[in-house]
Amino acid sequence: MNRIASQYATVLLQLAVEKNVAERIHTDMLCFSQVCAANRCLVTTLKSPIIKHDKKLAVLQAIFQNEVHDLTLSFLAMVTHEHREALLPAMAQAFLAQYHQHQGIKLAQVTTTFPLSDQLTRQLQKKIQKITPCQQVILEHSIDPDLIGGYVLQVEDKRLDQSLRKKLLTLKMNCVTEGY
């Protein structure tokens, strides 16, 4: 992650905690990230060296003026005035990561061949909490029919592949290396 983006995110988190609005700023940064992910034009605008900084700030204000906390709006303005607006998407991601760490939240991704029920999701979250020290687990779920069966779980840099596809590939590799 970009070191500069991380430094800005650290300052924003410290201010948010100090002003007791960390949860609200988290919501704002999540919203900002989602808007950037859904609108590549905004990201392109922020990165463009041709578009003047005051125009970029006007775009940000038009989008977020009545949607975000004053601290978030001030942060966007300050970053834009310092000509660092191209890093705003990375700053938002860095803020989210630092906020989760501050709150004791772990992000986990699970991939299955079928939709998870609420009960299965809660069970998986509880198991992850037992394995990794955290207060809360946010579980992101995706479906991949190519797994054939089983699941793939990733928490931070740890990956557990219990898919049938992986087991079949392992079996195939063993057959090839053993000469069957």
# chains A, B, ... in the order shown; residues from 1 in each chain; ligands from 1
>>> select_by_dssp(residues="region 32-154 of chain A", states="strand (DSSP E or B)", output="ChimeraX atom specification")
/A:105-112,136-143,151-154
>>> residues_around(residues="Gln136 (chain A)", least_positions_apart="3", cutoff="10 Å", atoms="only C-alpha atoms", output="MDAnalysis selection string")
chainID A and resid 100 103:107 125:126 128:129 133 139
>>> write_last_selection(atoms="all heavy atoms", output="CSV table (one decimal), in the first residue's frame")
chain,number,residue,atom,x,y,z
A,100,HIS,N,-10.2,-1.1,10.7
A,100,HIS,CA,-10.5,-2.5,11.1
A,100,HIS,C,-9.5,-3.0,12.1
A,100,HIS,O,-9.9,-3.7,13.1
A,100,HIS,CB,-10.5,-3.4,9.8
A,100,HIS,CG,-11.7,-3.1,9.0
A,100,HIS,ND1,-11.7,-3.3,7.6
A,100,HIS,CD2,-13.0,-2.8,9.2
A,100,HIS,CE1,-12.9,-3.0,7.1
A,100,HIS,NE2,-13.7,-2.7,8.1
A,103,GLN,N,-10.3,-1.5,15.5
A,103,GLN,CA,-11.5,-2.0,16.1
A,103,GLN,C,-11.4,-3.5,16.4
A,103,GLN,O,-12.4,-4.1,16.9
A,103,GLN,CB,-12.7,-1.7,15.2
A,103,GLN,CG,-13.1,-0.3,15.0
A,103,GLN,CD,-13.5,0.4,16.3
A,103,GLN,OE1,-12.8,1.1,16.9
A,103,GLN,NE2,-14.8,0.2,16.6
A,104,GLY,N,-10.3,-4.1,16.0
A,104,GLY,CA,-10.2,-5.6,16.2
A,104,GLY,C,-11.1,-6.4,15.2
A,104,GLY,O,-11.6,-7.5,15.6
A,105,ILE,N,-11.3,-5.9,14.0
A,105,ILE,CA,-12.1,-6.5,13.0
A,105,ILE,C,-11.2,-7.2,12.0
A,105,ILE,O,-10.2,-6.6,11.5
A,105,ILE,CB,-13.0,-5.5,12.3
A,105,ILE,CG1,-13.9,-4.8,13.3
A,105,ILE,CG2,-13.8,-6.1,11.1
A,105,ILE,CD1,-14.7,-3.6,12.7
A,106,LYS,N,-11.5,-8.4,11.7
A,106,LYS,CA,-10.8,-9.2,10.6
A,106,LYS,C,-11.7,-9.3,9.4
A,106,LYS,O,-12.9,-9.6,9.6
A,106,LYS,CB,-10.4,-10.6,11.1
A,106,LYS,CG,-9.4,-10.6,12.2
A,106,LYS,CD,-8.0,-10.4,11.7
A,106,LYS,CE,-7.1,-10.6,12.9
A,106,LYS,NZ,-5.7,-10.4,12.6
A,107,LEU,N,-11.1,-9.1,8.3
A,107,LEU,CA,-11.8,-9.4,7.0
A,107,LEU,C,-11.5,-10.8,6.5
A,107,LEU,O,-10.3,-11.2,6.6
A,107,LEU,CB,-11.5,-8.4,6.0
A,107,LEU,CG,-11.8,-6.9,6.2
A,107,LEU,CD1,-11.3,-6.1,5.1
A,107,LEU,CD2,-13.3,-6.8,6.3
A,125,GLN,N,-18.1,-17.4,10.9
A,125,GLN,CA,-17.5,-16.2,11.6
A,125,GLN,C,-17.0,-16.6,13.0
A,125,GLN,O,-15.9,-16.2,13.4
A,125,GLN,CB,-18.5,-15.1,11.7
A,125,GLN,CG,-18.8,-14.4,10.4
A,125,GLN,CD,-20.0,-13.4,10.4
A,125,GLN,OE1,-21.0,-13.7,11.1
A,125,GLN,NE2,-19.8,-12.3,9.7
A,126,LYS,N,-17.8,-17.4,13.7
A,126,LYS,CA,-17.4,-17.9,15.1
A,126,LYS,C,-16.1,-18.7,15.0
A,126,LYS,O,-15.2,-18.5,15.8
A,126,LYS,CB,-18.5,-18.6,15.7
A,126,LYS,CG,-19.6,-17.7,16.2
A,126,LYS,CD,-20.7,-18.5,16.9
A,126,LYS,CE,-21.9,-17.6,17.2
A,126,LYS,NZ,-23.0,-18.4,17.8
A,128,ILE,N,-13.8,-18.6,12.7
A,128,ILE,CA,-12.6,-17.7,12.4
A,128,ILE,C,-12.2,-16.9,13.6
A,128,ILE,O,-11.0,-16.7,13.8
A,128,ILE,CB,-13.0,-16.7,11.2
A,128,ILE,CG1,-13.2,-17.5,9.9
A,128,ILE,CG2,-12.0,-15.7,11.0
A,128,ILE,CD1,-13.9,-16.8,8.8
A,129,GLN,N,-13.2,-16.4,14.4
A,129,GLN,CA,-12.8,-15.7,15.7
A,129,GLN,C,-12.1,-16.6,16.6
A,129,GLN,O,-11.2,-16.1,17.4
A,129,GLN,CB,-14.1,-15.2,16.3
A,129,GLN,CG,-14.7,-13.9,15.7
A,129,GLN,CD,-15.9,-13.4,16.5
A,129,GLN,OE1,-16.9,-14.1,16.5
A,129,GLN,NE2,-15.8,-12.3,17.1
A,133,PRO,N,-7.2,-14.0,16.7
A,133,PRO,CA,-7.7,-13.1,17.8
A,133,PRO,C,-8.3,-11.8,17.2
A,133,PRO,O,-7.6,-11.0,16.6
A,133,PRO,CB,-6.4,-12.8,18.5
A,133,PRO,CG,-5.3,-13.0,17.5
A,133,PRO,CD,-5.8,-14.1,16.6
A,139,LEU,N,-17.3,-11.2,6.9
A,139,LEU,CA,-17.2,-12.2,6.0
A,139,LEU,C,-17.7,-11.8,4.6
A,139,LEU,O,-18.9,-11.5,4.5
A,139,LEU,CB,-17.9,-13.5,6.5
A,139,LEU,CG,-17.6,-14.8,5.7
A,139,LEU,CD1,-16.2,-15.2,5.8
A,139,LEU,CD2,-18.5,-15.9,6.3
>>> closest_atom_pairs(of="region 49-103 of chain A", to="region 19-38 of chain A", cutoff="9 Å", atoms="only C-alpha atoms", output="CSV")
residue,atom,partner,partner_atom,distance
A:Phe64,CA,A:Phe32,CA,8.4
A:Glu67,CA,A:Asp28,CA,8.0
A:Val68,CA,A:Asp28,CA,5.7
A:His69,CA,A:Ile25,CA,6.9
A:Leu71,CA,A:Ile25,CA,7.7
A:Thr72,CA,A:Ile25,CA,6.4
A:Leu88,CA,A:Phe32,CA,9.0
A:Pro89,CA,A:Ser33,CA,6.3
A:Ala90,CA,A:Ser33,CA,8.8
A:Met91,CA,A:Met29,CA,8.8
A:Ala92,CA,A:Met29,CA,5.3
A:Gln93,CA,A:Ser33,CA,7.0
A:Phe95,CA,A:Met29,CA,7.3
A:Leu96,CA,A:His26,CA,6.5
A:Tyr99,CA,A:His26,CA,7.1
>>> closest_residue(among="A:Glu156, A:Arg40, A:Leu60, A:Val79", to="Ile4 (chain A)", atoms="only C-alpha atoms")
A:Val79
>>> closest_residue(among="A:Lys172, A:Lys166, A:Lys56, A:Lys158", to="Val43 (chain A)", atoms="only C-alpha atoms")
A:Lys56
>>> residues_around(residues="Thr10 (chain A)", least_positions_apart="2", cutoff="10 Å", atoms="only C-alpha atoms", output="ChimeraX atom specification")
/A:4-8,12-16,91,94-95,98-99
>>> write_last_selection(atoms="N, CA and C atoms", output="mmCIF file, in the first residue's frame")
data_model
loop_
_atom_site.group_PDB
_atom_site.id
_atom_site.type_symbol
_atom_site.label_atom_id
_atom_site.label_comp_id
_atom_site.auth_asym_id
_atom_site.auth_seq_id
_atom_site.Cartn_x
_atom_site.Cartn_y
_atom_site.Cartn_z
ATOM 1 N N ILE A 4 2.374 7.113 1.462
ATOM 2 C CA ILE A 4 1.765 8.435 1.650
ATOM 3 C C ILE A 4 0.282 8.281 1.976
ATOM 4 N N ALA A 5 -0.398 7.406 1.240
ATOM 5 C CA ALA A 5 -1.819 7.165 1.495
ATOM 6 C C ALA A 5 -2.021 6.644 2.910
ATOM 7 N N SER A 6 -1.141 5.775 3.338
ATOM 8 C CA SER A 6 -1.222 5.219 4.691
ATOM 9 C C SER A 6 -1.028 6.297 5.756
ATOM 10 N N GLN A 7 -0.106 7.224 5.513
ATOM 11 C CA GLN A 7 0.127 8.303 6.471
ATOM 12 C C GLN A 7 -1.088 9.221 6.589
ATOM 13 N N TYR A 8 -1.685 9.570 5.466
ATOM 14 C CA TYR A 8 -2.895 10.396 5.487
ATOM 15 C C TYR A 8 -4.027 9.665 6.215
ATOM 16 N N LEU A 12 -6.177 10.797 9.550
ATOM 17 C CA LEU A 12 -7.637 10.869 9.533
ATOM 18 C C LEU A 12 -8.236 9.991 10.631
ATOM 19 N N LEU A 13 -7.709 8.809 10.806
ATOM 20 C CA LEU A 13 -8.215 7.923 11.854
ATOM 21 C C LEU A 13 -7.977 8.531 13.231
ATOM 22 N N GLN A 14 -6.803 9.084 13.458
ATOM 23 C CA GLN A 14 -6.514 9.715 14.749
ATOM 24 C C GLN A 14 -7.481 10.866 15.030
ATOM 25 N N LEU A 15 -7.725 11.697 14.041
ATOM 26 C CA LEU A 15 -8.675 12.798 14.200
ATOM 27 C C LEU A 15 -10.086 12.283 14.459
ATOM 28 N N ALA A 16 -10.482 11.255 13.737
ATOM 29 C CA ALA A 16 -11.818 10.692 13.893
ATOM 30 C C ALA A 16 -12.008 10.106 15.289
ATOM 31 N N MET A 91 -6.045 6.206 -0.135
ATOM 32 C CA MET A 91 -6.204 6.694 1.240
ATOM 33 C C MET A 91 -7.440 6.096 1.887
ATOM 34 N N ALA A 94 -6.662 2.512 2.744
ATOM 35 C CA ALA A 94 -5.756 2.473 3.892
ATOM 36 C C ALA A 94 -6.515 2.802 5.173
ATOM 37 N N PHE A 95 -7.409 3.777 5.110
ATOM 38 C CA PHE A 95 -8.212 4.125 6.286
ATOM 39 C C PHE A 95 -9.051 2.931 6.721
ATOM 40 N N GLN A 98 -6.877 0.360 8.438
ATOM 41 C CA GLN A 98 -6.439 0.814 9.757
ATOM 42 C C GLN A 98 -7.598 0.847 10.749
ATOM 43 N N TYR A 99 -8.766 1.237 10.277
ATOM 44 C CA TYR A 99 -9.952 1.258 11.140
ATOM 45 C C TYR A 99 -10.278 -0.156 11.615
#
>>> residues_around(residues="Gln61 (chain A)", least_positions_apart="6", cutoff="10 Å", atoms="only C-alpha atoms", output="list in words")
Lys55, Glu67, Val68, Leu73, Ser74, Leu76 and Ala77 of chain A
>>> atom_distance(atom1="CA of Glu178 (chain A)", atom2="CA of Leu164 (chain A)")
20.8 Å
